[in-house]
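K.L.:
Sharing a structure below in structure tokens format, with a few things to ask.
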Amino acid sequence: MTIEQKSLATVPTQHGFGELRAGALGVRIATTSAEIAAAQRLRYRVFYEEMGATPSSIAFASRLDQDRFDAVADHLLVIDHGIGSGPEGVVGTYRLIRRSSADKIGQFYSADEYDLSTLMHFPGKIMELGRSCVDVAYRGRAAMQLLWRGIAAYIFHHQIDILFGCASLPGTDPDKIAAELTYLYQTHLAPPALRPRAIDSRYIDMRRVDPDTLDMRRAMASLPPLIKGYLRLGGFVGDGAVIDHQFNTTDVAIIVKSDLITDKYYRHYERQLRDALE
């Protein structure tokens with residue numbers, strides 16, 4: 001490791017950690033507008049060019065996935081220092097929005113899809129996770145492990161109690177993912193005190209298959225890796241799915257108690273993430 005790399009790994013920031021390293025890859029919070037723009041360009045490539053989301057005219061012209069929540073969020077970045085230590089090296093990202101940040105614009109992103117009143121009444125600190133993506137060339141375990149190490153360091157520093165957000169299954173026909181939705185509802189429904197519910201105008205019932213006929217193992221295996229990762233870390237889902245036609249997805253609300261990620265994750269993150277991404 002060079003002197004420059006050592007300084008990147010050890011200099012503390014306002015977010016509680018400098019940069020965590022694993023070989024040439026590092027994870028840290030974006031510190032410049034150029035780095036945030038690099039995350040938005042990566043999001044555009046993955047969500048619009050790769051996954052088939054429909055861009056607005058502004059997004060199409062700029063080749064950036066951006067919205068009003070970016071201005072109040074912290075942007076967690078995975079950086080490949082073999083490419084560069086700044087915006088040019090950004091290969092993964094996660095958007096983190098604390099309650100105090102959401103208050104600046106009056107809501108969390110997920111509030112357009114879910115009634116978050118149970119979470120808003122939770123007395124502890126809550127944080128929304130979203131806009132997770134990794135460049136196609138880096139979708140092995142290393143980048144996701146680093147993202148979760150960064151999240152663990154961030155929530156430990158800010159003493160976050162509950163993480164939540166929307167996670168996506170591909171496509172907009174819930175009957176094509178009926179087994180997966182039913183499995184999530186039957187086996188991982190959040191307790192009432194923490195359970196978001198899809199807003200009435202967008203509510204899609206997740207109970208689409210007779211659970212007595214459901215192959216639970218196959219349904220679990222069919223879930224996207226990110227959702228499996230949340231579940232392996234002890235996550236729950238809310239009541240009701242939501243169709244997002246712009247992003248060509250069916251969304252579910254995810255809730256994770258942060259203590260399942262911090263102490264437990266620091267001791268066992270390699271085993272947990274290995275299991276979660278299989």
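In the structure tokens, chains take letters A, B, ... by order of appearance, with residues numbered from 1 within each chain and ligands from 1 in the order shown.
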Show which residues sit within 8 Å of Arg41 in chain A, as a PyMOL selection string. Count only C-alpha atoms, and ignore same-chain residues fewer than 4 positions away.
P.N.:
chain A and resi 37+45+63-65
K.L.:
Running DSSP on the backbone, which parts of range 11-200 of chain A land in alpha helix (DSSP H), as a PyMOL selection string?
P.N.:
chain A and resi 33-44+57-62+99-102+117-120+141-158+178-188
K.L.:
Determine, counting only C-alpha atoms, which protein, DNA and RNA residues have an atom within 8 Å of an atom of Leu194 in chain A; residues of the same chain fewer than 5 positions away are not included. Present the result as a ChimeraX atom specification.
P.N.:
/A:118-119,122,255
K.L.:
Taking N, CA and C atoms for each residue, export the selection above as a CSV table (one decimal), in the first residue's frame.
P.N.:
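Resulting contents of result34.csv:
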chain,number,residue,atom,x,y,z
A,118,THR,N,-45.5,3.7,10.6
A,118,THR,CA,-45.0,2.9,11.7
A,118,THR,C,-43.5,3.2,11.9
A,119,LEU,N,-42.7,3.4,10.9
A,119,LEU,CA,-41.3,3.7,11.0
A,119,LEU,C,-41.1,5.1,11.5
A,122,PHE,N,-41.3,5.3,15.1
A,122,PHE,CA,-40.2,4.5,15.8
A,122,PHE,C,-39.4,5.5,16.6
A,255,ILE,N,-37.0,-4.0,5.7
A,255,ILE,CA,-36.7,-3.5,7.0
A,255,ILE,C,-35.7,-4.4,7.6
K.L.:
I want to know what sits within 9 Å of Ala190 in chain A, based on only C-alpha atoms, with residues of the same chain fewer than 4 positions away left out; could you give that as a ChimeraX atom specification?
P.N.:
/A:185,194-196,235-239,254-255
K.L.:
Show me, as a tab-separated table (two decimals) with N, CA and C atoms, in the first residue's frame, the residues that have an atom within 6 Å of range 95-100 of chain A when counting only C-alpha atoms, minus same-chain residues fewer than 3 positions from it.
P.N.:
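What ended up in result20.tsv:
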chain	number	residue	atom	x	y	z
A	73	ALA	N	-28.77	13.32	0.59
A	73	ALA	CA	-28.26	11.98	0.91
A	73	ALA	C	-26.75	11.98	1.08
A	74	ASP	N	-26.26	10.93	1.73
A	74	ASP	CA	-24.84	10.58	1.65
A	74	ASP	C	-24.72	9.46	0.63
A	75	HIS	N	-23.68	9.53	-0.19
A	75	HIS	CA	-23.49	8.58	-1.29
A	75	HIS	C	-22.28	7.71	-0.99
A	103	ASP	N	-35.96	14.99	6.56
A	103	ASP	CA	-36.77	16.09	7.09
A	103	ASP	C	-36.54	17.39	6.32
A	126	ILE	N	-33.59	6.11	12.25
A	126	ILE	CA	-33.87	5.30	11.07
A	126	ILE	C	-33.13	5.86	9.86
A	127	MET	N	-32.87	5.00	8.91
A	127	MET	CA	-32.16	5.41	7.70
A	127	MET	C	-32.67	4.62	6.50
A	128	GLU	N	-32.85	5.31	5.39
A	128	GLU	CA	-33.30	4.67	4.15
A	128	GLU	C	-32.11	4.33	3.26
A	129	LEU	N	-32.09	3.09	2.79
A	129	LEU	CA	-31.11	2.64	1.80
A	129	LEU	C	-31.77	2.61	0.43
A	130	GLY	N	-31.02	2.98	-0.60
A	130	GLY	CA	-31.59	2.92	-1.94
A	130	GLY	C	-30.55	3.12	-3.01
A	131	ARG	N	-31.01	3.03	-4.25
A	131	ARG	CA	-30.19	3.27	-5.44
A	131	ARG	C	-28.88	2.46	-5.42
K.L.:
Compile the contact shell of range 209-213 of chain A as a ChimeraX atom specification: residues with an atom at most 12 Å away, counting only C-alpha atoms, same-chain residues fewer than 6 positions apart removed.
P.N.:
/A:174-187,219
K.L.:
Can I get the selection written as a compact mmCIF listing (two decimals), in the first residue's frame, with C-alpha atoms?
P.N.:
# COMPACT_ATOMS: atom_id res chain seq x y z
CA PRO A 174 -46.70 -9.70 -10.28
CA ASP A 175 -48.12 -13.01 -11.48
CA LYS A 176 -44.76 -13.88 -13.05
CA ILE A 177 -43.14 -13.56 -9.62
CA ALA A 178 -46.11 -14.90 -7.67
CA ALA A 179 -44.06 -17.55 -5.88
CA GLU A 180 -41.41 -15.07 -4.77
CA LEU A 181 -43.93 -12.52 -3.49
CA THR A 182 -45.92 -15.18 -1.64
CA TYR A 183 -42.75 -16.58 -0.10
CA LEU A 184 -41.68 -13.15 1.16
CA TYR A 185 -45.09 -12.47 2.71
CA GLN A 186 -45.44 -15.89 4.32
CA THR A 187 -41.94 -16.16 5.77
CA ALA A 219 -38.90 -19.43 -4.31
K.L.:
Tell me, in Å to one decimal, how far CA of Tyr154 in chain A is from CA of Gly92 in chain A.
P.N.:
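Rounded to one decimal, the two atoms are 16.2 Å apart.
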K.L.:
Give me, as a VMD selection string, all polymer residues having an atom no more than 8 Å from Val242 in chain A, counting only C-alpha atoms and skipping those fewer than 6 positions away in the same chain.
P.N.:
chain A and resid 113 198 202 to 204 250 to 252
K.L.:
Looking at only C-alpha atoms, which of A:Gly140, A:Gly89, A:Gly106, A:Gly240 is the one that sits closest to Leu25 in chain A?
P.N.:
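Result for the nearest residue to Leu25 in chain A: A:Gly89.
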K.L.:
Suppose you want the space between CA of Arg141 in chain A and CA of Gly86 in chain A; what is it in Å?
P.N.:
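Result for CA of Arg141 in chain A versus CA of Gly86 in chain A: 22.1 Å, one decimal.
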K.L.:
Would you please work out which residue, of A:Gly171, A:Gly82, A:Pro192, A:Pro87, is nearest to Leu116 in chain A when using only C-alpha atoms?
P.N.:
A:Pro192
K.L.:
Find the residue from A:Met144, A:Asp244, A:Ala102, A:Arg207 that sits nearest to Cys166 in chain A; use only C-alpha atoms when measuring.
P.N.:
A:Asp244
K.L.:
Between CA of Gly165 in chain A and CA of Glu88 in chain A, measure the distance and give it in Å to one decimal.
P.N.:
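Separation between CA of Gly165 in chain A and CA of Glu88 in chain A: 27.8 Å.
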